[in-house]
$ cat query_12.csv   # CSV, C-alpha atoms and all ligand atoms
chain,number,residue,atom,x,y,z
N,289,MET,CA,10.8,-5.3,-10.2
N,290,LEU,CA,7.2,-5.9,-9.1
N,291,HIS,CA,4.6,-6.1,-11.8
N,292,VAL,CA,1.2,-7.0,-10.7
N,293,SER,CA,-1.4,-7.5,-13.4
N,294,SER,CA,-5.1,-8.1,-13.1
N,295,MET,CA,-4.7,-9.7,-9.7
N,296,ALA,CA,-7.8,-10.8,-7.9
N,297,VAL,CA,-8.2,-11.9,-4.3
N,298,THR,CA,-11.1,-14.2,-3.4
N,299,ILE,CA,-12.2,-14.9,0.2
N,300,ASP,CA,-14.2,-18.2,0.7
N,301,ARG,CA,-16.5,-17.1,3.4
N,302,ARG,CA,-18.0,-19.6,5.7
N,303,ARG,CA,-21.4,-18.2,5.1
N,304,GLY,CA,-22.6,-16.3,2.0
N,305,GLY,CA,-20.2,-17.7,-0.6
N,306,PRO,CA,-17.0,-16.3,-2.0
N,307,VAL,CA,-16.3,-12.5,-2.3
N,308,ARG,CA,-13.6,-10.7,-4.2
N,309,PRO,CA,-12.2,-7.8,-2.2
N,310,VAL,CA,-9.7,-7.3,-5.0
N,311,ARG,CA,-11.1,-7.7,-8.5
N,312,GLU,CA,-8.3,-6.3,-10.6
N,313,ALA,CA,-5.1,-4.9,-9.2
N,314,THR,CA,-2.6,-3.8,-11.8
N,315,LEU,CA,0.5,-1.9,-10.7
N,316,ALA,CA,4.3,-1.8,-10.9
N,317,VAL,CA,7.0,-0.7,-8.5
N,318,GLU,CA,10.7,-0.2,-9.5
N,319,PRO,CA,13.9,-0.2,-7.4
N,320,GLY,CA,14.5,3.2,-5.9
N,321,ARG,CA,11.0,4.3,-6.5
N,322,THR,CA,7.9,4.6,-4.3
N,323,LEU,CA,4.4,3.8,-5.5
N,324,ALA,CA,1.5,5.2,-3.4
N,325,LEU,CA,-1.7,3.2,-3.3
N,326,VAL,CA,-4.7,5.4,-2.5
N,327,GLY,CA,-8.4,5.1,-2.3
N,328,GLU,CA,-11.3,5.3,0.2
N,329,SER,CA,-11.7,2.8,3.0
N,330,GLY,CA,-12.7,-0.7,1.9
N,331,CYS,CA,-11.4,-0.3,-1.7
N,332,GLY,CA,-9.0,-3.3,-1.2
N,333,LYS,CA,-5.6,-1.6,-0.6
N,334,SER,CA,-4.7,-3.7,2.4
N,335,MET,CA,-5.9,-6.9,0.7
N,336,THR,CA,-3.7,-6.1,-2.3
N,337,CYS,CA,-0.6,-5.6,0.0
N,338,LEU,CA,-1.3,-8.7,1.9
N,339,ALA,CA,-1.6,-10.7,-1.3
N,340,ILE,CA,1.7,-9.4,-2.7
N,341,GLY,CA,3.4,-9.9,0.7
N,342,GLY,CA,2.0,-13.5,1.1
N,343,LEU,CA,0.2,-12.6,4.3
N,344,LEU,CA,-3.5,-13.1,3.3
N,345,PRO,CA,-5.7,-14.4,6.1
N,346,ARG,CA,-6.9,-18.0,6.0
N,347,ARG,CA,-9.7,-18.5,3.4
N,348,ALA,CA,-8.3,-15.7,1.2
N,349,ARG,CA,-6.3,-16.5,-1.9
N,350,ILE,CA,-5.0,-14.9,-5.1
N,351,SER,CA,-7.6,-16.2,-7.6
N,352,ALA,CA,-6.5,-14.6,-10.8
N,353,GLY,CA,-3.8,-12.6,-12.5
N,354,GLN,CA,0.0,-12.4,-12.1
N,355,VAL,CA,2.4,-11.1,-9.4
N,356,MET,CA,5.7,-10.9,-11.2
N,357,PHE,CA,8.6,-10.4,-8.9
N,358,ASP,CA,12.0,-10.3,-10.5
N,359,GLY,CA,10.7,-12.3,-13.4
N,360,GLN,CA,8.9,-15.0,-11.3
N,361,ASP,CA,5.2,-15.2,-11.0
N,362,LEU,CA,4.5,-15.5,-7.2
N,363,ALA,CA,0.9,-16.4,-8.0
N,364,ALA,CA,1.9,-19.4,-10.1
N,365,LEU,CA,4.8,-20.8,-8.1
N,366,PRO,CA,4.1,-23.6,-5.7
N,367,PRO,CA,3.0,-21.8,-2.4
N,368,GLU,CA,6.1,-22.8,-0.4
N,369,ALA,CA,8.5,-21.6,-3.2
N,370,ALA,CA,6.6,-18.3,-3.4
N,371,GLN,CA,6.8,-17.8,0.3
N,372,GLN,CA,10.5,-18.5,0.2
N,373,VAL,CA,11.0,-15.7,-2.3
N,374,ARG,CA,8.9,-13.4,-0.2
N,375,ARG,CA,10.7,-14.2,3.1
N,376,ARG,CA,14.0,-13.4,1.4
N,377,HIS,CA,13.0,-10.3,-0.6
N,378,ILE,CA,9.8,-8.7,0.6
N,379,ALA,CA,9.1,-7.0,4.0
N,380,SER,CA,5.9,-5.5,5.3
N,381,VAL,CA,5.2,-2.8,7.9
N,382,PHE,CA,1.6,-2.2,9.1
N,383,GLN,CA,-0.2,0.4,11.1
N,384,ASP,CA,-0.1,-1.5,14.4
N,385,ALA,CA,3.6,-1.8,15.1
N,386,THR,CA,3.3,-3.6,18.4
N,387,GLY,CA,1.4,-6.4,16.7
N,388,GLY,CA,4.5,-7.2,14.6
N,389,LEU,CA,6.9,-7.2,17.6
N,390,ASN,CA,7.5,-10.1,20.0
N,391,PRO,CA,6.7,-8.8,23.6
N,392,VAL,CA,9.0,-11.3,25.3
N,393,ARG,CA,12.1,-10.6,23.3
N,394,THR,CA,14.3,-7.4,23.4
N,395,ILE,CA,14.1,-5.1,20.4
N,396,GLY,CA,17.8,-5.7,19.6
N,397,TRP,CA,17.4,-9.5,19.7
N,398,GLN,CA,14.4,-9.3,17.2
N,399,VAL,CA,16.3,-7.1,14.7
N,400,ALA,CA,19.4,-9.2,15.1
N,401,GLU,CA,17.4,-12.4,14.4
N,402,ALA,CA,16.0,-10.9,11.2
N,403,VAL,CA,19.5,-10.0,10.1
N,404,ARG,CA,20.8,-13.5,10.9
N,405,LEU,CA,17.9,-15.3,9.1
N,406,ARG,CA,18.2,-13.3,5.9
N,407,ALA,CA,21.8,-12.4,5.7
N,408,GLY,CA,23.3,-15.5,7.4
N,409,ALA,CA,25.5,-13.4,9.7
N,410,THR,CA,27.0,-14.7,13.0
N,411,ARG,CA,25.3,-13.8,16.3
N,412,ALA,CA,27.8,-11.1,17.2
N,413,GLU,CA,27.8,-9.6,13.7
N,414,ALA,CA,24.0,-9.6,13.7
N,415,ALA,CA,23.8,-7.9,17.1
N,416,ARG,CA,26.2,-5.1,15.9
N,417,GLU,CA,24.1,-4.7,12.8
N,418,ALA,CA,20.9,-4.5,14.8
N,419,VAL,CA,22.3,-1.6,16.9
N,420,ARG,CA,23.5,0.1,13.8
N,421,LEU,CA,20.0,-0.2,12.2
N,422,LEU,CA,18.3,1.0,15.3
N,423,GLY,CA,20.5,4.1,15.2
N,424,ARG,CA,19.8,4.4,11.5
N,425,VAL,CA,16.0,4.6,12.1
N,426,GLY,CA,16.6,7.4,14.5
N,427,LEU,CA,16.4,5.8,17.9
N,428,PRO,CA,18.5,7.7,20.4
N,429,ASP,CA,21.1,5.7,22.3
N,430,PRO,CA,20.5,2.5,20.2
N,431,GLU,CA,22.9,0.4,22.3
N,432,THR,CA,20.7,0.8,25.4
N,433,ARG,CA,17.5,0.7,23.5
N,434,ALA,CA,18.5,-2.6,21.8
N,435,ARG,CA,18.3,-4.2,25.3
N,436,GLU,CA,14.8,-3.0,26.0
N,437,TYR,CA,11.4,-4.6,25.3
N,438,PRO,CA,8.5,-3.3,23.1
N,439,HIS,CA,6.5,-2.3,26.2
N,440,GLN,CA,9.3,0.1,27.1
N,441,PHE,CA,9.0,1.9,23.8
N,442,SER,CA,6.6,4.6,22.7
N,443,GLY,CA,4.3,4.1,19.7
N,444,GLY,CA,6.7,6.1,17.5
N,445,MET,CA,9.7,4.2,18.7
N,446,ASN,CA,8.0,0.9,18.1
N,447,GLN,CA,7.2,2.0,14.6
N,448,ARG,CA,10.9,2.8,14.0
N,449,ALA,CA,11.8,-0.5,15.5
N,450,MET,CA,9.4,-2.2,13.1
N,451,ILE,CA,11.0,-0.5,10.1
N,452,ALA,CA,14.5,-1.5,11.4
N,453,LEU,CA,13.1,-5.1,11.6
N,454,ALA,CA,11.6,-4.9,8.1
N,455,VAL,CA,14.8,-3.6,6.4
N,456,ALA,CA,17.1,-5.8,8.5
N,457,GLY,CA,17.5,-8.5,5.8
N,458,ASN,CA,17.9,-6.0,2.9
N,459,PRO,CA,14.5,-6.6,1.3
N,460,ARG,CA,14.2,-5.6,-2.3
N,461,LEU,CA,10.6,-4.5,-1.8
N,462,LEU,CA,9.2,-2.8,1.3
N,463,ILE,CA,5.4,-2.7,1.7
N,464,ALA,CA,4.2,0.0,4.2
N,465,ASP,CA,0.4,-0.2,4.7
N,466,GLU,CA,-0.6,3.0,6.6
N,467,ALA,CA,2.5,2.5,8.6
N,468,THR,CA,2.5,6.0,9.9
N,469,THR,CA,-1.3,6.7,10.2
N,470,ALA,CA,-1.4,6.4,13.9
N,471,LEU,CA,1.4,8.8,14.5
N,472,ASP,CA,1.4,12.6,14.7
N,473,VAL,CA,2.2,14.6,11.6
N,474,THR,CA,5.8,15.5,12.5
N,475,LEU,CA,6.6,11.9,13.3
N,476,GLN,CA,4.9,10.7,10.1
N,477,ALA,CA,7.0,13.0,8.0
N,478,GLN,CA,10.2,11.9,9.8
N,479,ILE,CA,9.4,8.2,9.3
N,480,LEU,CA,8.6,8.7,5.6
N,481,ASP,CA,11.9,10.6,5.1
N,482,LEU,CA,13.6,7.7,6.8
N,483,ILE,CA,11.9,5.2,4.5
N,484,GLY,CA,12.9,7.4,1.5
N,485,ASP,CA,16.5,7.4,2.7
N,486,LEU,CA,16.6,3.7,3.2
N,487,ARG,CA,15.0,3.2,-0.2
N,488,ASP,CA,17.7,5.3,-1.9
N,489,SER,CA,20.6,3.8,0.0
N,490,LEU,CA,19.5,0.2,-0.2
N,491,GLY,CA,17.9,0.4,-3.7
N,492,MET,CA,14.6,-0.9,-2.4
N,493,ALA,CA,11.3,-0.5,-4.1
N,494,VAL,CA,8.5,0.8,-1.8
N,495,LEU,CA,4.8,0.2,-2.0
N,496,PHE,CA,3.1,2.6,0.3
N,497,VAL,CA,-0.6,2.8,1.3
N,498,THR,CA,-2.0,6.0,2.7
N,499,HIS,CA,-5.2,8.1,3.1
N,500,ASP,CA,-3.2,11.2,3.0
N,501,LEU,CA,-2.8,12.8,-0.5
N,502,GLY,CA,-0.4,15.4,1.0
N,503,LEU,CA,2.0,12.5,1.9
N,504,VAL,CA,1.7,11.1,-1.6
N,505,ALA,CA,2.9,14.4,-3.2
N,506,GLN,CA,5.9,14.4,-0.7
N,507,SER,CA,7.0,10.8,-0.7
N,508,ALA,CA,6.0,9.0,-3.8
N,509,GLU,CA,7.0,9.0,-7.5
N,510,ASP,CA,4.0,7.0,-8.8
N,511,VAL,CA,0.4,6.6,-7.7
N,512,ALA,CA,-2.2,3.9,-8.2
N,513,VAL,CA,-5.8,4.8,-7.3
N,514,MET,CA,-8.1,2.0,-6.2
N,515,TYR,CA,-11.9,1.9,-6.2
N,516,ALA,CA,-14.1,-1.0,-5.1
N,517,GLY,CA,-11.4,-3.6,-5.6
N,518,ARG,CA,-10.0,-2.2,-8.9
N,519,VAL,CA,-7.1,0.0,-9.8
N,520,VAL,CA,-8.8,2.7,-11.9
N,521,GLU,CA,-5.9,5.0,-12.6
N,522,THR,CA,-2.1,4.8,-12.4
N,523,ALA,CA,0.3,7.7,-13.2
N,524,PRO,CA,3.4,9.5,-12.1
N,525,VAL,CA,2.5,11.7,-9.1
N,526,ALA,CA,3.1,15.0,-10.9
N,527,ASP,CA,0.9,13.9,-13.8
N,528,LEU,CA,-1.9,12.7,-11.6
N,529,PHE,CA,-2.0,15.9,-9.5
N,530,ALA,CA,-1.7,18.1,-12.6
N,531,ALA,CA,-4.2,16.3,-14.8
N,532,PRO,CA,-6.2,13.5,-13.1
N,533,ARG,CA,-8.1,11.5,-15.7
N,534,HIS,CA,-10.5,9.3,-13.8
N,535,PRO,CA,-13.6,10.9,-12.3
N,536,TYR,CA,-12.9,9.2,-9.0
N,537,THR,CA,-9.4,10.6,-8.9
N,538,ARG,CA,-10.7,14.0,-9.8
N,539,GLY,CA,-13.2,13.7,-6.9
N,540,LEU,CA,-10.5,12.8,-4.5
N,541,LEU,CA,-8.4,15.7,-5.6
N,542,SER,CA,-11.0,18.3,-6.2
N,543,ALA,CA,-12.0,18.8,-2.5
N,544,LEU,CA,-8.4,19.3,-1.6
N,545,PRO,CA,-7.7,23.0,-1.0
N,546,ARG,CA,-5.5,24.7,-3.6
N,547,ASN,CA,-1.8,24.0,-2.8
N,548,ALA,CA,-3.0,21.4,-0.3
N,549,ALA,CA,-1.4,21.4,3.0
N,550,PRO,CA,0.7,18.3,3.8
N,551,GLU,CA,-1.8,17.0,6.2
N,552,ALA,CA,-4.7,17.2,3.7
N,553,ARG,CA,-6.8,14.1,3.9
N,554,LEU,CA,-8.6,12.1,1.3
N,555,ALA,CA,-11.6,14.2,0.3
N,556,THR,CA,-15.1,12.8,0.6
N,557,ILE,CA,-17.1,12.4,-2.5
N,558,ASP,CA,-20.9,12.1,-2.4
N,559,GLY,CA,-22.0,8.5,-1.8
N,560,VAL,CA,-20.1,5.6,-0.4
N,561,VAL,CA,-18.0,2.7,-1.7
N,562,PRO,CA,-20.4,-0.2,-2.4
N,563,PRO,CA,-20.0,-3.3,-0.3
N,564,ILE,CA,-18.0,-6.0,-2.2
N,565,ASP,CA,-20.9,-8.3,-2.4
N,566,GLU,CA,-23.3,-5.6,-3.7
N,567,LEU,CA,-21.4,-4.2,-6.6
N,568,PRO,CA,-23.5,-2.6,-9.4
N,569,ALA,CA,-23.3,-3.9,-13.0
N,570,GLY,CA,-20.9,-2.1,-15.2
N,571,CYS,CA,-18.5,0.5,-13.7
N,572,ALA,CA,-18.7,0.3,-9.9
N,573,PHE,CA,-18.2,4.1,-9.7
N,574,ALA,CA,-21.2,4.8,-11.9
N,575,PRO,CA,-23.8,5.5,-9.0
N,576,ARG,CA,-21.5,8.2,-7.8
N,577,CYS,CA,-20.2,9.5,-11.1
N,578,LEU,CA,-21.6,12.7,-12.7
N,579,GLN,CA,-20.4,11.6,-16.1
N,580,ALA,CA,-22.0,8.1,-16.0
N,581,THR,CA,-23.8,7.0,-19.2
N,582,ASP,CA,-25.7,3.9,-20.2
N,583,LEU,CA,-22.5,2.4,-21.5
N,584,CYS,CA,-20.9,2.8,-18.0
N,585,ARG,CA,-23.9,1.1,-16.3
N,586,ALA,CA,-23.7,-1.8,-18.7
N,587,THR,CA,-19.9,-2.5,-19.2
N,588,ASP,CA,-17.0,-2.3,-16.7
N,589,PRO,CA,-14.3,-0.4,-18.6
N,590,ALA,CA,-10.9,-2.2,-19.0
N,591,LEU,CA,-7.7,-0.6,-17.6
N,592,GLU,CA,-5.9,0.8,-20.7
N,593,ARG,CA,-2.9,3.1,-20.6
N,594,GLY,CA,-3.3,3.6,-16.9
N,595,LEU,CA,-7.0,4.4,-17.0
N,596,ALA,CA,-10.2,2.4,-16.4
N,597,CYS,CA,-13.0,4.8,-17.6
N,598,HIS,CA,-15.2,5.0,-20.7
N,599,HIS,CA,-15.1,8.8,-20.6
N,600,GLY,CA,-12.3,9.7,-18.3
N,601,ALA,CA,-9.9,11.7,-20.5
N,602,THR,CA,-12.6,13.6,-22.4
N,603,SER,CA,-13.3,16.4,-19.9
N,604,ASP,CA,-12.3,17.7,-16.6
N,605,PRO,CA,-15.3,19.1,-14.6
N,606,ARG,CA,-12.9,21.1,-12.4
N,607,LYS,CA,-11.8,23.1,-15.3
N,608,GLU,CA,-15.3,23.7,-16.5
N,609,GLU,CA,-16.3,25.0,-13.0
N,610,ALA,CA,-13.3,27.4,-12.8
N,611,PRO,CA,-14.2,31.0,-13.6
N,612,ALA,CA,-12.9,32.2,-17.0
N,701,LIG,N1,-12.2,-11.7,6.2
N,701,LIG,C1,-13.0,-11.0,5.4
N,701,LIG,N2,-14.2,-11.5,4.9
N,701,LIG,C2,-14.9,-10.8,4.0
N,701,LIG,N3,-14.6,-9.5,3.6
N,701,LIG,C3,-13.5,-9.0,4.0
N,701,LIG,C4,-12.6,-9.7,4.9
N,701,LIG,N4,-11.6,-8.9,5.2
N,701,LIG,C5,-11.8,-7.7,4.5
N,701,LIG,N5,-12.9,-7.8,3.8
N,701,LIG,C6,-13.5,-6.8,2.9
N,701,LIG,O1,-12.6,-6.6,1.8
N,701,LIG,C7,-12.7,-5.2,1.4
N,701,LIG,C8,-11.3,-4.6,1.2
N,701,LIG,O2,-10.7,-4.4,2.5
N,701,LIG,P1,-9.3,-3.8,2.7
N,701,LIG,O3,-9.0,-4.0,4.1
N,701,LIG,O4,-8.3,-4.3,1.7
N,701,LIG,O5,-9.6,-2.2,2.4
N,701,LIG,P2,-8.6,-1.0,2.5
N,701,LIG,O6,-8.7,-0.3,1.2
N,701,LIG,O7,-7.3,-1.4,3.0
N,701,LIG,O8,-9.4,-0.1,3.5
N,701,LIG,P3,-8.9,0.9,4.7
N,701,LIG,O9,-8.5,2.2,4.0
N,701,LIG,O10,-10.0,1.1,5.6
N,701,LIG,O11,-7.7,0.2,5.4
N,701,LIG,C9,-13.6,-4.5,2.3
N,701,LIG,O12,-14.8,-4.4,1.8
N,701,LIG,C10,-13.6,-5.4,3.5
N,701,LIG,O13,-14.9,-5.3,4.2
N,702,LIG,S1,-16.7,4.6,-16.7
N,702,LIG,FE1,-18.4,6.0,-16.7
N,702,LIG,S2,-19.2,5.8,-14.6
N,702,LIG,FE2,-17.2,4.9,-14.5
N,702,LIG,S3,-15.9,6.5,-13.9
N,702,LIG,FE3,-15.9,6.6,-16.1
N,702,LIG,S4,-17.5,8.0,-16.7
N,702,LIG,FE4,-17.8,7.5,-14.5
N,703,MG,MG,-6.3,-1.0,4.8
$ encode --input "query_12.csv" --output "structure tokens"
Amino acid sequence: MLHVSSMAVTIDRRRGGPVRPVREATLAVEPGRTLALVGESGCGKSMTCLAIGGLLPRRARISAGQVMFDGQDLAALPPEAAQQVRRRHIASVFQDATGGLNPVRTIGWQVAEAVRLRAGATRAEAAREAVRLLGRVGLPDPETRAREYPHQFSGGMNQRAMIALAVAGNPRLLIADEATTALDVTLQAQILDLIGDLRDSLGMAVLFVTHDLGLVAQSAEDVAVMYAGRVVETAPVADLFAAPRHPYTRGLLSALPRNAAPEARLATIDGVVPPIDELPAGCAFAPRCLQATDLCRATDPALERGLACHHGATSDPRKEEAPA
């Protein structure tokens, strides 16, 4: 349903010239499936989501590649036509739930309005549907809650309201960028279950960003790993956990304890992600990569069969380190 290929995002900075927080994003999400987008802070995950969802900040634009959604390239359509497709079919939820809610309207009004705009229902139908959706996302006593305002809700309740708002118009694609990061572990798991249920019953595709590899194993079928603005590996979850091919992916996974607990966080690897305006020549991971060769430092590897690495599939250092 969503096939992004070699998408780049350029920001025209007021000072210092243009930068590309996303250099090459290639990923696909299908109906009824969840793709997790992972990678350290600053790798371009949010910019990728914003670009797909049509929510890039001013001065930022998709500068290369394709964003095929249901056979139409959103990056090539006239901007207004692309936004129309997105308004109708793509919904986004972010970490800061309250930022997406209107403080002076009741929760029920906001969800009903989203139902009305997208599904063309009457006011009364939309109000009933809003209450039903608020119940569906697990708000107790949804009829009363629908009449309340965002400031009367807890963080977790607002997050649920945001999800109700996002799915109100039956989107075909839901983008959730760290939508649960601010919540406690139990609530995170509940909300991810909820998103999974909605995905299955509505046939949505879900693109989900997280720092938490435990959540990936629980909630996604496919993974895309991003490093310094590029997707460097994509694979089904089981394959990626069983046999990671990119040295960066191995690094992320290798510091996880065996049978990682659900709350396991993204591991730290020696070194840091280079700033986007100071990328090294060749493979951007080379300065941190134990397998880097002269070829790596000279030429950025293309993404082929889900892997962007000159030497990725040849050896797995974790296996070499394991006692015989
Ligand atoms: N307005 C801007 N001008 C210049 N650079 C920006 C701007 N906004 C973001 N960036 C840079 O773009 C890069 C990608 O940022 P992005 O927010 O997509 O990362 P991320 O992977 O979502 O990180 P995190 O895990 O911390 O959310 C970062 O290096 C960031 O500093
Ligand atoms: S291309 Fe080379 S430097 Fe980059 S990840 Fe692969 S082995 Fe490491
Ligand atoms: Mg982000």
$ residues_near_ligand --input "query_12.csv" --ligand "ligand MG 703 (chain N)" --cutoff "12 Å" --atoms "only C-alpha atoms and all ligand atoms" --output "count of residues only"
29
$ closest_residue --input "query_12.csv" --among "N:Ile451, N:Ala418, N:Val520, N:Ile564" --to "N:Val310" --atoms "all atoms listed in the file"
N:Ile564
$ closest_residue --input "query_12.csv" --among "N:Gly600, N:Leu365, N:Ala296, N:Glu431" --to "N:Ala531" --atoms "only C-alpha atoms"
N:Gly600
$ atom_distance --input "query_12.csv" --atom1 "atom CA of N:Gly359" --atom2 "atom CA of N:Glu318"
12.7 Å
$ closest_residue --input "query_12.csv" --among "N:Val403, N:Ile350, N:Leu323, N:Ala339" --to "ligand LIG 701 (chain N)" --atoms "all atoms listed in the file"
N:Ala339
$ residues_around --input "query_12.csv" --residues "N:Leu567" --least-positions-apart "6" --cutoff "10 Å" --atoms "all atoms listed in the file" --output "ChimeraX atom specification"
/N:516,561,573
$ residues_near_ligand --input "query_12.csv" --ligand "ligand LIG 702 (chain N)" --cutoff "9 Å" --atoms "only C-alpha atoms and all ligand atoms" --output "MDAnalysis selection string"
chainID N and resid 520 534:536 570:585 587:589 596:600
$ residues_near_point --input "query_12.csv" --point "(7.1, -12.4, 18.6)" --cutoff "12 Å" --atoms "all atoms listed in the file" --output "PyMOL selection string"
chain N and resi 385-395+397-399+401-402+437-438+450+453
$ residues_near_point --input "query_12.csv" --point "(15.6, 5.1, 18.7)" --cutoff "12 Å" --atoms "all atoms listed in the file" --output "PyMOL selection string"
chain N and resi 395-396+418-436+438+440-452+479
$ write_last_selection --input "query_12.csv" --atoms "C-alpha atoms" --output "short mmCIF file (atom, residue, chain, number, x, y, z; two decimals), keeping the file's coordinate frame"
data_model
loop_
_atom_site.label_atom_id
_atom_site.label_comp_id
_atom_site.auth_asym_id
_atom_site.auth_seq_id
_atom_site.Cartn_x
_atom_site.Cartn_y
_atom_site.Cartn_z
CA ILE N 395 14.10 -5.10 20.40
CA GLY N 396 17.80 -5.70 19.60
CA ALA N 418 20.90 -4.50 14.80
CA VAL N 419 22.30 -1.60 16.90
CA ARG N 420 23.50 0.10 13.80
CA LEU N 421 20.00 -0.20 12.20
CA LEU N 422 18.30 1.00 15.30
CA GLY N 423 20.50 4.10 15.20
CA ARG N 424 19.80 4.40 11.50
CA VAL N 425 16.00 4.60 12.10
CA GLY N 426 16.60 7.40 14.50
CA LEU N 427 16.40 5.80 17.90
CA PRO N 428 18.50 7.70 20.40
CA ASP N 429 21.10 5.70 22.30
CA PRO N 430 20.50 2.50 20.20
CA GLU N 431 22.90 0.40 22.30
CA THR N 432 20.70 0.80 25.40
CA ARG N 433 17.50 0.70 23.50
CA ALA N 434 18.50 -2.60 21.80
CA ARG N 435 18.30 -4.20 25.30
CA GLU N 436 14.80 -3.00 26.00
CA PRO N 438 8.50 -3.30 23.10
CA GLN N 440 9.30 0.10 27.10
CA PHE N 441 9.00 1.90 23.80
CA SER N 442 6.60 4.60 22.70
CA GLY N 443 4.30 4.10 19.70
CA GLY N 444 6.70 6.10 17.50
CA MET N 445 9.70 4.20 18.70
CA ASN N 446 8.00 0.90 18.10
CA GLN N 447 7.20 2.00 14.60
CA ARG N 448 10.90 2.80 14.00
CA ALA N 449 11.80 -0.50 15.50
CA MET N 450 9.40 -2.20 13.10
CA ILE N 451 11.00 -0.50 10.10
CA ALA N 452 14.50 -1.50 11.40
CA ILE N 479 9.40 8.20 9.30
#
$ closest_residue --input "query_12.csv" --among "N:Gln360, N:Glu566, N:Pro366, N:Asp485" --to "ligand LIG 701 (chain N)" --atoms "all atoms listed in the file"
N:Glu566
$ atom_distance --input "query_12.csv" --atom1 "atom CA of N:Thr314" --atom2 "atom CA of N:His291"
7.6 Å
